[in-house]
Every structure is written in C-alpha cells, then in structure tokens.
Amino acid sequence: MSADTITERVARVAFNADGLVPAIIQQHDTGEVLMLGWMDAEALRRTLTEGRVTFWSRSRQEYWRKGDTSGHAQYVKGARLDCDGDAVLVSVEQIGAACHTGDRTCFDADDLSPVEGAP
C-alpha cells in the first residue's frame, strides 16, 4: 500500500470528538472477539503500515503496540471499517493472551447473557 492509499483510508474514519475510534480486535481464523481498544489516526496508520496493532492509551496518553512488553503480539491480517465509519474491525493472528489479565480474550470474564424467561 502506498502512503496516499493509507492516508485516504484513514481519512474515511469518523473519529469521535476526542479524535478516537473504537477498534474491535478479532482472531482472523476463528472469529473470536479478543478485545476492544482505541485508536487515533496515527495509531490506525501505524497498524495498517507496520502489521502490528497499535493503540492510543487514554489513561497514559501515549501509543502502545500490543505485545511490546508482554510478548502477546497481534499481527494484522486485515481491517474493515463499519458502515458508519465510526468503528474499526481488525483481524489478527493473536500470539498469547489478548487481555491484560492474562486471559485469551477480554470477553470471558462476566457473562451478561439474557436470563431465560426474562422480559
């Protein structure tokens, strides 16, 4: 991909008032949802050009590339923008745990499934 193509792709994203977009991270071969992180335009550009997922940390106010300290890297296999342009789905090859707790996914901690027979 050329720099212009990346620039055009990033320009299609509808970033929120803080300049961020939610990025849903999904295992490419199983469809398993691993985590959600936040990206600004630069984090998205890095993700698309470097092949490793980069996020913007809202609490630390800095970029972080998944796996740099934990070794649990995310290698980009593809990325899609949703129909409104306000969310990104990144398809990855996850190495190790995706969650900071050490779990495979951030979505296995608290089951909020509907209760049978509830209105």
# chains A, B, ... in the order shown; residues from 1 in each chain; ligands from 1

call {"tool": "select_by_dssp", "arguments": {"residues": "chain A", "states": "helix (DSSP H, G or I)", "output": "PyMOL selection string"}}
result
chain A and resi 3-11+41-50

call {"tool": "residues_around", "arguments": {"residues": "Gln26 of chain A", "least_positions_apart": "5", "cutoff": "8 Å", "atoms": "only C-alpha atoms", "output": "VMD selection string"}}
result
chain A and resid 31 to 35 89 to 92

call {"tool": "residues_around", "arguments": {"residues": "Asp86 of chain A", "least_positions_apart": "5", "cutoff": "9 Å", "atoms": "only C-alpha atoms", "output": "VMD selection string"}}
result
chain A and resid 13 to 16 21 to 22 81

call {"tool": "write_last_selection", "arguments": {"atoms": "N, CA, C and O atoms", "output": "PDB file, in the first residue's frame"}}
result
ATOM      1  N   VAL A  13     -12.373   7.421   8.166  1.00  0.00           N
ATOM      2  CA  VAL A  13     -12.822   7.084   9.520  1.00  0.00           C
ATOM      3  C   VAL A  13     -13.482   8.296  10.174  1.00  0.00           C
ATOM      4  O   VAL A  13     -12.970   9.409  10.121  1.00  0.00           O
ATOM      5  N   ALA A  14     -14.625   8.053  10.823  1.00  0.00           N
ATOM      6  CA  ALA A  14     -15.337   9.095  11.566  1.00  0.00           C
ATOM      7  C   ALA A  14     -14.869   9.026  13.028  1.00  0.00           C
ATOM      8  O   ALA A  14     -15.490   8.362  13.856  1.00  0.00           O
ATOM      9  N   PHE A  15     -13.774   9.696  13.318  1.00  0.00           N
ATOM     10  CA  PHE A  15     -13.247   9.727  14.685  1.00  0.00           C
ATOM     11  C   PHE A  15     -14.190  10.527  15.570  1.00  0.00           C
ATOM     12  O   PHE A  15     -14.854  11.465  15.110  1.00  0.00           O
ATOM     13  N   ASN A  16     -14.272  10.169  16.862  1.00  0.00           N
ATOM     14  CA  ASN A  16     -15.159  10.876  17.784  1.00  0.00           C
ATOM     15  C   ASN A  16     -14.574  12.242  18.149  1.00  0.00           C
ATOM     16  O   ASN A  16     -13.524  12.648  17.638  1.00  0.00           O
ATOM     17  N   VAL A  21     -11.304   6.303  17.635  1.00  0.00           N
ATOM     18  CA  VAL A  21     -12.267   5.350  17.087  1.00  0.00           C
ATOM     19  C   VAL A  21     -12.077   4.027  17.828  1.00  0.00           C
ATOM     20  O   VAL A  21     -10.941   3.632  18.110  1.00  0.00           O
ATOM     21  N   PRO A  22     -13.178   3.351  18.197  1.00  0.00           N
ATOM     22  CA  PRO A  22     -13.028   2.038  18.823  1.00  0.00           C
ATOM     23  C   PRO A  22     -12.549   1.021  17.787  1.00  0.00           C
ATOM     24  O   PRO A  22     -13.039   1.003  16.653  1.00  0.00           O
ATOM     25  N   LEU A  81     -13.753  -1.171   8.005  1.00  0.00           N
ATOM     26  CA  LEU A  81     -14.468  -0.057   8.597  1.00  0.00           C
ATOM     27  C   LEU A  81     -15.950  -0.404   8.582  1.00  0.00           C
ATOM     28  O   LEU A  81     -16.442  -0.972   7.601  1.00  0.00           O
TER      29      LEU A  81
END

call {"tool": "residues_around", "arguments": {"residues": "Ala11 of chain A", "least_positions_apart": "2", "cutoff": "12 Å", "atoms": "only C-alpha atoms", "output": "list of chain:residue names"}}
result
A:Asp4, A:Thr5, A:Ile6, A:Thr7, A:Glu8, A:Arg9, A:Val13, A:Ala14, A:Phe15, A:Gly19, A:Asp40, A:Ala41, A:Glu42, A:Leu44, A:Arg45, A:Leu81, A:Gly85, A:Asp86

call {"tool": "write_last_selection", "arguments": {"atoms": "C-alpha atoms", "output": "PDB file, in the first residue's frame"}}
result
ATOM      1  CA  ASP A   4      -1.533   8.019  -0.199  1.00  0.00           C
ATOM      2  CA  THR A   5      -3.717   4.916  -0.020  1.00  0.00           C
ATOM      3  CA  ILE A   6      -3.232   4.688   3.744  1.00  0.00           C
ATOM      4  CA  THR A   7      -3.968   8.405   4.114  1.00  0.00           C
ATOM      5  CA  GLU A   8      -7.165   8.026   2.095  1.00  0.00           C
ATOM      6  CA  ARG A   9      -8.248   5.029   4.140  1.00  0.00           C
ATOM      7  CA  VAL A  13     -12.822   7.084   9.520  1.00  0.00           C
ATOM      8  CA  ALA A  14     -15.337   9.095  11.566  1.00  0.00           C
ATOM      9  CA  PHE A  15     -13.247   9.727  14.685  1.00  0.00           C
ATOM     10  CA  GLY A  19     -10.142  12.062  17.829  1.00  0.00           C
ATOM     11  CA  ASP A  40      -6.424   7.807  16.786  1.00  0.00           C
ATOM     12  CA  ALA A  41      -5.420   8.473  13.173  1.00  0.00           C
ATOM     13  CA  GLU A  42      -1.728   7.848  13.877  1.00  0.00           C
ATOM     14  CA  LEU A  44      -4.517   3.384  12.822  1.00  0.00           C
ATOM     15  CA  ARG A  45      -1.874   4.450  10.310  1.00  0.00           C
ATOM     16  CA  LEU A  81     -14.468  -0.057   8.597  1.00  0.00           C
ATOM     17  CA  GLY A  85     -17.221   4.706   9.591  1.00  0.00           C
ATOM     18  CA  ASP A  86     -17.131   5.010  13.372  1.00  0.00           C
TER      19      ASP A  86
END

call {"tool": "residues_around", "arguments": {"residues": "segment 51-57 of chain A", "least_positions_apart": "6", "cutoff": "8 Å", "atoms": "only C-alpha atoms", "output": "list in words"}}
result
Gly37, Trp38, Met39, Asp40, Ala43, Leu44, Tyr63, Trp64, Arg65, Lys66, Ala73, Gln74, Tyr75, Val76 and Lys77 of chain A

call {"tool": "write_last_selection", "arguments": {"atoms": "N, CA and C atoms", "output": "compact mmCIF listing (two decimals), in the first residue's frame"}}
result
# COMPACT_ATOMS: atom_id res chain seq x y z
N GLY A 37 -9.94 -1.77 21.77
CA GLY A 37 -9.00 -0.71 22.13
C GLY A 37 -9.38 0.55 21.37
N TRP A 38 -8.65 1.60 21.61
CA TRP A 38 -8.92 2.89 20.97
C TRP A 38 -7.75 3.29 20.09
N MET A 39 -8.06 3.85 18.94
CA MET A 39 -7.04 4.32 18.01
C MET A 39 -7.35 5.75 17.60
N ASP A 40 -6.29 6.53 17.47
CA ASP A 40 -6.42 7.81 16.79
C ASP A 40 -5.90 7.59 15.37
N ALA A 43 -2.37 5.98 15.31
CA ALA A 43 -2.36 4.57 15.72
C ALA A 43 -2.91 3.69 14.60
N LEU A 44 -3.96 4.14 13.93
CA LEU A 44 -4.52 3.38 12.82
C LEU A 44 -3.52 3.32 11.67
N TYR A 63 1.03 6.09 22.78
CA TYR A 63 0.81 4.93 21.92
C TYR A 63 1.37 3.69 22.58
N TRP A 64 0.71 2.58 22.34
CA TRP A 64 1.25 1.30 22.79
C TRP A 64 0.95 0.24 21.74
N ARG A 65 1.96 -0.53 21.45
CA ARG A 65 1.82 -1.60 20.47
C ARG A 65 1.66 -2.91 21.23
N LYS A 66 0.56 -3.58 20.97
CA LYS A 66 0.23 -4.81 21.67
C LYS A 66 1.38 -5.81 21.54
N ALA A 73 1.69 -10.54 21.07
CA ALA A 73 1.51 -9.65 19.93
C ALA A 73 0.27 -9.95 19.11
N GLN A 74 -0.16 -8.94 18.37
CA GLN A 74 -1.26 -9.07 17.43
C GLN A 74 -0.75 -8.69 16.04
N TYR A 75 -0.73 -9.67 15.14
CA TYR A 75 -0.28 -9.45 13.77
C TYR A 75 -1.49 -9.25 12.87
N VAL A 76 -1.54 -8.13 12.19
CA VAL A 76 -2.69 -7.74 11.39
C VAL A 76 -2.83 -8.62 10.15
N LYS A 77 -4.02 -9.18 9.98
CA LYS A 77 -4.37 -9.97 8.80
C LYS A 77 -5.32 -9.19 7.88
